[in-house]
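Colleague: As input, take input-v8.cif (mmCIF, C-alpha atoms):
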data_start
loop_
_atom_site.label_atom_id
_atom_site.label_comp_id
_atom_site.auth_asym_id
_atom_site.auth_seq_id
_atom_site.Cartn_x
_atom_site.Cartn_y
_atom_site.Cartn_z
CA MET X 7 -2.16 -17.96 2.38
CA PRO X 8 -1.36 -21.00 4.46
CA HIS X 9 2.06 -21.16 6.01
CA ASP X 10 3.70 -24.30 7.28
CA ASN X 11 6.28 -23.17 9.73
CA HIS X 12 4.59 -21.45 12.62
CA ASP X 13 7.85 -20.85 14.43
CA THR X 14 8.82 -18.22 11.92
CA LEU X 15 5.48 -16.43 11.75
CA SER X 16 4.41 -13.30 13.52
CA THR X 17 1.06 -13.00 15.26
CA SER X 18 -0.40 -11.66 12.02
CA GLY X 19 0.53 -14.91 10.32
CA HIS X 20 3.22 -13.39 8.14
CA PRO X 21 6.88 -14.31 8.07
CA TYR X 22 9.06 -12.02 10.09
CA ARG X 23 11.20 -9.82 7.95
CA LYS X 24 14.76 -9.45 9.04
CA ASP X 25 14.95 -6.12 10.75
CA ASP X 26 17.37 -4.69 13.25
CA ASP X 27 19.23 -7.86 14.09
CA THR X 28 20.90 -8.38 10.74
CA ALA X 29 23.76 -6.67 8.95
CA LEU X 30 23.05 -3.02 8.33
CA SER X 31 22.29 -2.47 4.65
CA TYR X 32 23.28 0.52 2.52
CA TRP X 33 19.62 1.54 2.18
CA GLN X 34 18.96 1.28 5.90
CA VAL X 35 21.95 3.57 6.47
CA MET X 36 20.40 5.98 3.98
CA GLU X 37 17.03 5.88 5.76
CA ILE X 38 18.64 6.72 9.11
CA ALA X 39 20.74 9.48 7.55
CA VAL X 40 17.84 11.10 5.67
CA ARG X 41 15.62 10.96 8.74
CA GLU X 42 18.24 12.48 11.04
CA LEU X 43 19.15 15.23 8.56
CA LEU X 44 15.49 16.20 8.10
CA ILE X 45 15.06 16.33 11.88
CA GLU X 46 18.31 18.25 12.52
CA LYS X 47 17.39 20.81 9.91
CA GLY X 48 13.97 21.32 11.40
CA HIS X 49 11.85 20.04 8.50
CA ILE X 50 10.22 17.30 10.56
CA THR X 51 10.39 16.00 14.12
CA ALA X 52 11.06 12.56 15.57
CA VAL X 53 7.62 12.68 17.17
CA GLN X 54 6.02 13.22 13.78
CA VAL X 55 7.79 10.14 12.38
CA HIS X 56 6.63 8.09 15.33
CA ASP X 57 3.06 9.38 15.10
CA GLN X 58 2.91 8.83 11.34
CA ILE X 59 3.92 5.18 11.79
CA ASN X 60 1.25 4.74 14.47
CA THR X 61 -1.37 6.32 12.23
CA MET X 62 -0.38 4.02 9.39
CA ASP X 63 -0.38 0.94 11.61
CA ALA X 64 -3.89 1.81 12.81
CA ARG X 65 -5.31 1.74 9.29
CA SER X 66 -6.67 -1.58 8.23
CA PRO X 67 -9.19 -3.08 5.80
CA ALA X 68 -11.66 -2.97 8.70
CA HIS X 69 -12.09 0.73 7.92
CA GLY X 70 -13.04 0.06 4.32
CA ALA X 71 -15.31 -2.78 5.47
CA LYS X 72 -17.27 -0.35 7.63
CA VAL X 73 -17.79 1.92 4.66
CA VAL X 74 -18.97 -0.97 2.48
CA ALA X 75 -21.33 -2.35 5.13
CA HIS X 76 -22.77 1.13 5.64
CA ALA X 77 -23.42 1.39 1.91
CA TRP X 78 -25.14 -2.01 1.90
CA CYS X 79 -27.48 -0.90 4.68
CA ASN X 80 -28.12 2.64 3.61
CA PRO X 81 -29.15 3.32 -0.03
CA GLU X 82 -28.73 7.06 0.39
CA PHE X 83 -25.17 6.64 1.65
CA LYS X 84 -24.46 4.23 -1.19
CA LEU X 85 -25.43 6.90 -3.72
CA ALA X 86 -23.21 9.41 -1.93
CA LEU X 87 -20.34 6.91 -1.91
CA LEU X 88 -20.64 6.23 -5.62
CA ALA X 89 -20.82 9.98 -6.29
CA ASP X 90 -17.79 10.95 -4.17
CA ALA X 91 -16.19 8.15 -2.19
CA ALA X 92 -13.64 10.43 -0.53
CA GLN X 93 -16.27 12.79 0.86
CA ALA X 94 -18.63 9.98 1.87
CA SER X 95 -15.79 8.26 3.74
CA ARG X 96 -14.83 11.52 5.42
CA ASP X 97 -18.45 11.90 6.48
CA MET X 98 -18.08 8.55 8.26
CA GLY X 99 -15.09 9.96 10.13
CA PHE X 100 -12.22 8.51 8.11
CA ASP X 101 -9.22 10.66 7.25
CA ILE X 102 -8.93 10.35 3.49
CA GLY X 103 -6.41 13.13 2.92
CA PRO X 104 -6.52 15.11 -0.30
CA MET X 105 -6.84 12.11 -2.62
CA HIS X 106 -9.69 11.48 -5.00
CA LEU X 107 -11.35 8.19 -4.24
CA ILE X 108 -13.75 6.49 -6.59
CA ALA X 109 -15.96 3.61 -5.50
CA VAL X 110 -16.90 1.20 -8.27
CA GLU X 111 -19.85 -1.09 -7.73
CA ASN X 112 -19.95 -4.79 -8.51
CA THR X 113 -23.31 -5.87 -9.87
CA ALA X 114 -24.82 -8.93 -11.52
CA SER X 115 -23.39 -7.75 -14.84
CA VAL X 116 -20.11 -5.99 -13.90
CA HIS X 117 -17.11 -7.08 -11.82
CA ASN X 118 -14.48 -4.46 -10.99
CA VAL X 119 -10.84 -5.02 -10.14
CA VAL X 120 -8.21 -2.46 -9.14
CA VAL X 121 -4.54 -2.35 -10.09
CA CYS X 122 -1.79 0.25 -10.24
CA THR X 123 0.34 -0.48 -13.30
CA LEU X 124 2.60 2.48 -12.50
CA CYS X 125 3.58 1.51 -8.98
CA SER X 126 1.44 0.82 -5.95
CA CYS X 127 -1.29 3.47 -5.65
CA TYR X 128 -3.88 2.03 -3.33
CA PRO X 129 -6.67 3.38 -1.11
CA ARG X 130 -4.31 3.09 1.86
CA ASN X 131 -6.32 5.45 4.05
CA LEU X 132 -9.19 2.95 4.03
CA LEU X 133 -7.34 -0.36 3.60
CA GLY X 134 -3.90 0.16 5.14
CA LEU X 135 -0.70 -0.48 3.19
CA PRO X 136 -1.02 -2.58 0.05
CA PRO X 137 -0.20 -6.28 0.17
CA ASP X 138 3.07 -7.37 -1.44
CA TRP X 139 1.39 -9.07 -4.39
CA TYR X 140 -0.41 -5.82 -5.28
CA LYS X 141 3.02 -4.22 -5.72
CA SER X 142 4.44 -7.15 -7.69
CA ARG X 143 5.36 -6.88 -11.35
CA ALA X 144 3.28 -9.96 -12.11
CA TYR X 145 0.00 -8.53 -10.76
CA ARG X 146 0.58 -5.11 -12.27
CA SER X 147 1.54 -6.46 -15.68
CA ARG X 148 -1.02 -9.20 -16.07
CA THR X 149 -4.17 -7.72 -14.54
CA VAL X 150 -4.62 -5.37 -17.49
CA ILE X 151 -4.10 -8.03 -20.18
CA GLU X 152 -5.66 -11.15 -18.69
CA PRO X 153 -7.84 -10.05 -15.77
CA ARG X 154 -10.08 -13.13 -15.82
CA LYS X 155 -7.08 -15.43 -15.56
CA VAL X 156 -5.58 -13.38 -12.73
CA LEU X 157 -8.93 -13.38 -10.91
CA SER X 158 -9.28 -17.14 -11.29
CA GLU X 159 -5.84 -17.56 -9.71
CA PHE X 160 -7.25 -15.66 -6.73
CA GLY X 161 -10.15 -18.10 -6.71
CA VAL X 162 -12.66 -15.75 -8.32
CA ASP X 163 -14.18 -17.14 -11.51
CA ILE X 164 -16.21 -14.55 -13.36
CA ALA X 165 -18.93 -15.82 -15.71
CA GLN X 166 -18.38 -14.95 -19.37
CA ASP X 167 -21.55 -12.86 -19.49
CA VAL X 168 -20.26 -10.64 -16.67
CA GLN X 169 -18.12 -7.73 -17.81
CA VAL X 170 -14.76 -7.34 -16.07
CA ARG X 171 -13.62 -3.73 -15.65
CA VAL X 172 -10.00 -3.08 -14.69
CA HIS X 173 -9.29 0.25 -13.00
CA ASP X 174 -5.72 1.54 -13.17
CA SER X 175 -5.02 3.75 -10.15
CA THR X 176 -2.83 6.82 -10.19
CA ALA X 177 -1.31 8.94 -7.49
CA ASP X 178 -4.27 11.31 -7.61
CA MET X 179 -7.07 8.88 -8.40
CA ARG X 180 -7.64 5.75 -6.38
CA TYR X 181 -10.31 3.14 -6.54
CA ILE X 182 -12.10 0.95 -4.06
CA VAL X 183 -14.51 -1.78 -5.08
CA LEU X 184 -17.97 -1.83 -3.55
CA PRO X 185 -18.62 -5.57 -3.61
CA ALA X 186 -22.12 -6.91 -4.14
CA GLN X 187 -23.83 -7.90 -0.93
CA PRO X 188 -24.19 -11.70 -0.76
CA ALA X 189 -27.87 -12.69 -0.81
CA ARG X 190 -27.52 -14.82 2.29
CA THR X 191 -26.47 -11.85 4.39
CA ARG X 192 -29.82 -10.09 4.08
CA GLY X 193 -31.13 -9.09 7.46
CA LEU X 194 -27.74 -8.98 9.19
CA LEU X 195 -26.83 -5.91 11.20
CA GLU X 196 -24.35 -3.44 9.77
CA ASN X 197 -21.55 -4.42 12.14
CA GLU X 198 -22.14 -8.09 11.30
CA LEU X 199 -22.04 -7.32 7.58
CA ALA X 200 -18.70 -5.54 7.96
CA GLN X 201 -17.21 -8.87 9.08
CA TRP X 202 -17.98 -10.28 5.63
CA VAL X 203 -16.10 -7.57 3.76
CA THR X 204 -12.55 -8.76 3.08
CA ARG X 205 -9.64 -6.65 1.94
CA ASP X 206 -9.49 -8.59 -1.32
CA SER X 207 -13.18 -7.99 -2.00
CA MET X 208 -12.49 -4.24 -1.92
CA ILE X 209 -9.62 -4.65 -4.43
CA GLY X 210 -11.81 -6.87 -6.57
CA VAL X 211 -9.69 -10.03 -6.37
CA GLY X 212 -12.01 -11.56 -3.79
CA LEU X 213 -15.67 -11.77 -2.84
CA PRO X 214 -17.27 -11.12 0.56
CA GLN X 215 -16.88 -14.15 2.80
CA ALA X 216 -18.55 -15.49 5.91
CA PRO X 217 -16.41 -14.58 8.91
CA ASN X 218 -14.43 -17.40 10.52
CA MET R 20 4.81 -2.15 -16.96
CA GLY R 21 1.09 -2.72 -17.47
CA GLY R 22 0.61 -5.34 -20.15
CA ASP R 23 4.19 -6.62 -20.14
CA PRO R 24 4.59 -10.38 -20.01
CA ALA R 25 5.08 -11.63 -16.46
CA GLY R 26 5.04 -14.83 -14.48
CA ASP R 27 2.97 -16.10 -11.59
CA ILE R 28 1.82 -13.77 -8.85
CA ASN R 29 3.63 -14.41 -5.60
CA HIS R 30 1.18 -14.33 -2.71
CA GLU R 31 3.72 -14.33 0.09
CA GLN R 32 3.35 -11.45 2.50
CA HIS R 33 5.89 -10.02 4.91
CA ASP R 34 5.37 -7.76 7.87
CA PHE R 35 6.86 -4.37 7.27
CA ALA R 36 10.12 -3.81 9.09
CA LEU R 37 10.55 -0.68 11.18
CA TRP R 38 12.98 0.85 8.67
CA GLU R 39 10.43 0.31 5.88
CA LYS R 40 7.67 2.00 7.89
CA ARG R 41 10.04 4.87 8.54
CA VAL R 42 10.73 5.27 4.83
CA ASP R 43 6.99 5.42 4.22
CA ALA R 44 6.59 7.97 7.01
CA LEU R 45 9.46 10.10 5.65
CA MET R 46 7.76 10.24 2.24
CA VAL R 47 4.45 11.30 3.78
CA LEU R 48 6.04 13.88 6.09
CA ALA R 49 8.43 15.33 3.49
CA SER R 50 5.41 15.71 1.20
CA SER R 51 3.37 17.37 3.93
CA VAL R 52 5.98 20.13 4.29
CA GLY R 53 6.22 20.66 0.54
CA LEU R 54 9.66 19.12 -0.05
CA MET R 55 8.30 16.55 -2.51
CA ASN R 56 5.10 15.00 -3.77
CA THR R 57 3.91 11.74 -5.28
CA ASP R 58 4.85 12.88 -8.77
CA SER R 59 8.42 13.70 -7.79
CA LEU R 60 8.68 10.36 -5.98
CA ARG R 61 7.58 8.65 -9.21
CA ARG R 62 9.87 10.67 -11.42
CA VAL R 63 13.00 9.51 -9.60
CA LEU R 64 11.74 5.91 -9.42
CA GLU R 65 11.29 5.92 -13.17
CA ASP R 66 14.70 7.52 -13.73
CA MET R 67 16.21 4.59 -11.84
CA GLY R 68 15.32 2.30 -14.73
CA LYS R 69 14.01 -1.19 -15.05
CA GLU R 70 17.00 -2.90 -13.44
CA SER R 71 16.18 -1.33 -10.08
CA TYR R 72 12.99 -3.40 -10.00
CA GLU R 73 15.13 -6.54 -10.21
CA THR R 74 17.82 -5.57 -7.76
CA MET R 75 16.13 -3.41 -5.12
CA SER R 76 13.18 -3.95 -2.82
CA TYR R 77 10.17 -1.65 -2.79
CA TYR R 78 11.27 0.55 0.11
CA GLU R 79 14.88 0.52 -1.03
CA ARG R 80 13.68 2.21 -4.21
CA TRP R 81 11.58 4.60 -2.15
CA ILE R 82 14.39 5.75 0.15
CA ALA R 83 16.63 6.25 -2.88
CA SER R 84 13.93 8.47 -4.38
CA VAL R 85 13.15 10.34 -1.16
CA SER R 86 16.85 11.02 -0.65
CA GLN R 87 17.30 12.31 -4.22
CA ASN R 88 14.20 14.48 -3.82
CA MET R 89 15.54 16.00 -0.61
CA VAL R 90 18.80 16.95 -2.32
CA GLU R 91 16.92 18.48 -5.26
CA ALA R 92 14.65 20.40 -2.89
CA GLY R 93 17.65 21.75 -1.02
CA ALA R 94 16.78 20.09 2.29
CA PHE R 95 20.39 18.90 2.52
CA SER R 96 23.35 18.51 0.18
CA THR R 97 24.90 15.32 -1.19
CA ALA R 98 28.00 16.10 0.88
CA GLU R 99 25.92 16.34 4.07
CA LEU R 100 24.20 13.08 3.18
CA ALA R 101 27.52 11.33 2.56
CA ASP R 102 28.93 12.60 5.88
CA LYS R 103 25.85 11.50 7.78
CA MET R 104 25.81 8.09 6.14
CA ALA R 105 29.44 7.55 7.09
CA GLN R 106 28.64 8.49 10.70
CA VAL R 107 25.63 6.18 10.80
CA LYS R 108 27.59 3.29 9.35
CA ALA R 109 30.30 3.72 11.97
CA ARG R 110 27.82 3.33 14.83
CA GLY R 111 27.46 -0.42 14.58
CA ALA R 112 26.85 -3.50 12.51
CA THR R 113 23.05 -3.74 12.75
CA TYR R 114 20.12 -1.41 12.15
CA GLY R 115 19.37 -1.52 15.85
CA ASP R 116 22.89 -0.35 16.70
CA ALA R 117 22.97 2.37 14.09
CA THR R 118 19.55 3.91 14.50
#
Before we go any further, please render this structure as structure tokens.

Modeller:
Amino acid sequence: MPHDNHDTLSTSGHPYRKDDDTALSYWQVMEIAVRELLIEKGHITAVQVHDQINTMDARSPAHGAKVVAHAWCNPEFKLALLADAAQASRDMGFDIGPMHLIAVENTASVHNVVVCTLCSCYPRNLLGLPPDWYKSRAYRSRTVIEPRKVLSEFGVDIAQDVQVRVHDSTADMRYIVLPAQPARTRGLLENELAQWVTRDSMIGVGLPQAPN
Amino acid sequence: MGGDPAGDINHEQHDFALWEKRVDALMVLASSVGLMNTDSLRRVLEDMGKESYETMSYYERWIASVSQNMVEAGAFSTAELADKMAQVKARGATYGDAT
């Protein structure tokens, strides 16, 4: 999304969120207290908290994009991905954890979109943390009743003869969309193709796009 | 929530603050040592009722749930939590001072 005031944006282009320079909130106090109690009682260590944040920060949609580009280039891998996306992603070296991951393929006749009506379940191991809108009441409520309208608000207009399938994630079952490879990318190398795979295209609210 | 009437989707994005990342990390780590799991996280979130979605942010709801889960799992007591929170609050006026 475009932002007007560059003075208030971080390098990632997002507004800074007030953090440790504003009045301490009740919930921040609770976070500090819970963390310190768990450390003092030996359940976890400060190093583990630090490492977990680093691991999380290192995850990004670029990981999912590599998986998608690999599937575009390698029909055998694509079959494996559609059969068991968690295992296929692990085979590429990504830590998927214990979750079930299902890849759903966009074709000329089917467009898939992913939502979590319950909360915010998301293939975070391949895409990083979910964007704010994914967690919003509006997206979660409306995607299951008027998916075509929601998609058009994201700039994706799906032809009436194309079926829209909405996948509702759960804690144990998460979905990632395998977008259709744009015709004009035929012949590109796998690492070039990965540049076309956007985060939104793997949620289903976007399509692959030429890199900037 | 799925299917309920709702307004426009807000596309604004914020960078996660350190305290929010820590809440996320605490959920993952507490789960990894068997003190909670995604289902127990959800159960407390749902017990908090609809109003919490209006009045609390995402990670505020999460830390409330993680904290409740830790008490239920016996990781610490409500009295220990209250004592610790009072200590933390007394350290300073900002998150940076208190952490």

Colleague: Residues of chain R no more than 6 Å from chain X, counting only C-alpha atoms: send them over as a list in words.

Modeller: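 So the contacting residues turn out to be Met20, Gly21, Gly22, Asp23, Ala25, Gly26, Ile28, Asn29, His30, Gln32, His33, Ala36, Ala44, Glu79, Lys103, Met104, Ala112, Thr113, Tyr114 and Gly115 of chain R.
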
Colleague: Quote the spacing between CA of Ala64 (chain X) and CA of Met55 (chain R) in Å to one decimal place.

Modeller: 24.5 Å

Colleague: From (13.5, 14.9, -0.8), in the file's coordinates, out to 10 Å: which residues are reached, counting all atoms listed in the file? Answer as a ChimeraX atom specification.

Modeller: /X:40,44 /R:45-46,49-50,53-56,59-60,82-95

Colleague: For this structure, which residues satisfy the selection - the PyMOL selection byres ((chain X and resi 184-191) around 12) - when it is evaluated on the file as given? I want them as a PyMOL selection string.

Modeller: chain X and resi 70-79+84-85+87-88+91+108-120+181-183+192-217

Colleague: Neighbours of Lys69 (chain R) within 12 Å (all atoms listed in the file; same-chain residues fewer than 4 positions away dropped), as a list in words?

Modeller: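 My list of contacting residues is Arg143 of chain X; Met20, Leu64, Glu65, Glu73, Thr74, Met75 and Arg80 of chain R.
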
Colleague: Mind filling out region 37-48 of chain R with all heavy atoms and sending it as a compact mmCIF listing (two decimals), keeping the file's coordinate frame?

Modeller:
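Result written to out.txt:
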# COMPACT_ATOMS: atom_id res chain seq x y z
N LEU R 37 10.59 -2.06 10.69
CA LEU R 37 10.55 -0.68 11.18
C LEU R 37 11.17 0.29 10.17
O LEU R 37 10.63 1.36 9.91
CB LEU R 37 11.29 -0.61 12.52
CG LEU R 37 11.40 0.80 13.12
CD1 LEU R 37 10.03 1.41 13.36
CD2 LEU R 37 12.20 0.75 14.43
N TRP R 38 12.32 -0.10 9.59
CA TRP R 38 12.98 0.85 8.67
C TRP R 38 12.10 1.11 7.46
O TRP R 38 12.08 2.23 6.93
CB TRP R 38 14.38 0.35 8.29
CG TRP R 38 14.44 -0.63 7.16
CD1 TRP R 38 14.35 -1.99 7.25
CD2 TRP R 38 14.60 -0.32 5.77
NE1 TRP R 38 14.43 -2.54 5.99
CE2 TRP R 38 14.59 -1.55 5.07
CE3 TRP R 38 14.75 0.86 5.04
CZ2 TRP R 38 14.73 -1.62 3.68
CZ3 TRP R 38 14.89 0.79 3.66
CH2 TRP R 38 14.87 -0.45 3.00
N GLU R 39 11.32 0.11 7.03
CA GLU R 39 10.43 0.31 5.88
C GLU R 39 9.28 1.26 6.24
O GLU R 39 8.89 2.13 5.46
CB GLU R 39 9.86 -1.02 5.42
CG GLU R 39 10.92 -1.97 4.86
CD GLU R 39 10.32 -3.30 4.44
OE1 GLU R 39 9.72 -3.99 5.30
OE2 GLU R 39 10.44 -3.66 3.27
N LYS R 40 8.74 1.09 7.44
CA LYS R 40 7.67 2.00 7.89
C LYS R 40 8.21 3.42 8.00
O LYS R 40 7.50 4.39 7.72
CB LYS R 40 7.13 1.55 9.24
CG LYS R 40 6.37 0.24 9.18
CD LYS R 40 5.83 -0.13 10.55
CE LYS R 40 5.04 -1.43 10.47
NZ LYS R 40 4.42 -1.77 11.75
N ARG R 41 9.47 3.53 8.42
CA ARG R 41 10.04 4.87 8.54
C ARG R 41 10.22 5.52 7.17
O ARG R 41 10.01 6.72 7.02
CB ARG R 41 11.39 4.80 9.28
CG ARG R 41 11.20 4.65 10.78
CD ARG R 41 12.52 4.46 11.47
NE ARG R 41 12.40 4.64 12.93
CZ ARG R 41 13.30 4.19 13.79
NH1 ARG R 41 14.38 3.56 13.36
NH2 ARG R 41 13.13 4.39 15.07
N VAL R 42 10.61 4.72 6.18
CA VAL R 42 10.73 5.27 4.83
C VAL R 42 9.37 5.80 4.37
O VAL R 42 9.26 6.90 3.83
CB VAL R 42 11.25 4.19 3.84
CG1 VAL R 42 11.18 4.72 2.41
CG2 VAL R 42 12.67 3.78 4.18
N ASP R 43 8.34 5.01 4.61
CA ASP R 43 6.99 5.42 4.22
C ASP R 43 6.62 6.73 4.94
O ASP R 43 6.11 7.67 4.33
CB ASP R 43 6.00 4.30 4.57
CG ASP R 43 4.71 4.42 3.78
OD1 ASP R 43 3.89 5.29 4.15
OD2 ASP R 43 4.50 3.67 2.81
N ALA R 44 6.91 6.78 6.22
CA ALA R 44 6.59 7.97 7.01
C ALA R 44 7.37 9.18 6.50
O ALA R 44 6.83 10.30 6.44
CB ALA R 44 6.89 7.72 8.49
N LEU R 45 8.64 8.98 6.14
CA LEU R 45 9.46 10.10 5.65
C LEU R 45 8.87 10.66 4.36
O LEU R 45 8.84 11.88 4.15
CB LEU R 45 10.91 9.64 5.40
CG LEU R 45 11.74 9.35 6.65
CD1 LEU R 45 13.12 8.84 6.26
CD2 LEU R 45 11.86 10.60 7.53
N MET R 46 8.38 9.77 3.48
CA MET R 46 7.76 10.24 2.24
C MET R 46 6.53 11.08 2.55
O MET R 46 6.36 12.18 2.01
CB MET R 46 7.39 9.03 1.36
CG MET R 46 7.19 9.37 -0.10
SD MET R 46 5.69 10.30 -0.47
CE MET R 46 4.55 8.99 -0.79
N VAL R 47 5.68 10.58 3.44
CA VAL R 47 4.45 11.30 3.78
C VAL R 47 4.78 12.65 4.41
O VAL R 47 4.22 13.69 4.04
CB VAL R 47 3.57 10.45 4.73
CG1 VAL R 47 2.39 11.26 5.23
CG2 VAL R 47 3.08 9.18 4.01
N LEU R 48 5.73 12.64 5.37
CA LEU R 48 6.04 13.88 6.09
C LEU R 48 6.77 14.89 5.20
O LEU R 48 6.47 16.09 5.25
CB LEU R 48 6.87 13.56 7.34
CG LEU R 48 6.11 12.79 8.43
CD1 LEU R 48 7.07 12.34 9.54
CD2 LEU R 48 4.98 13.63 9.02
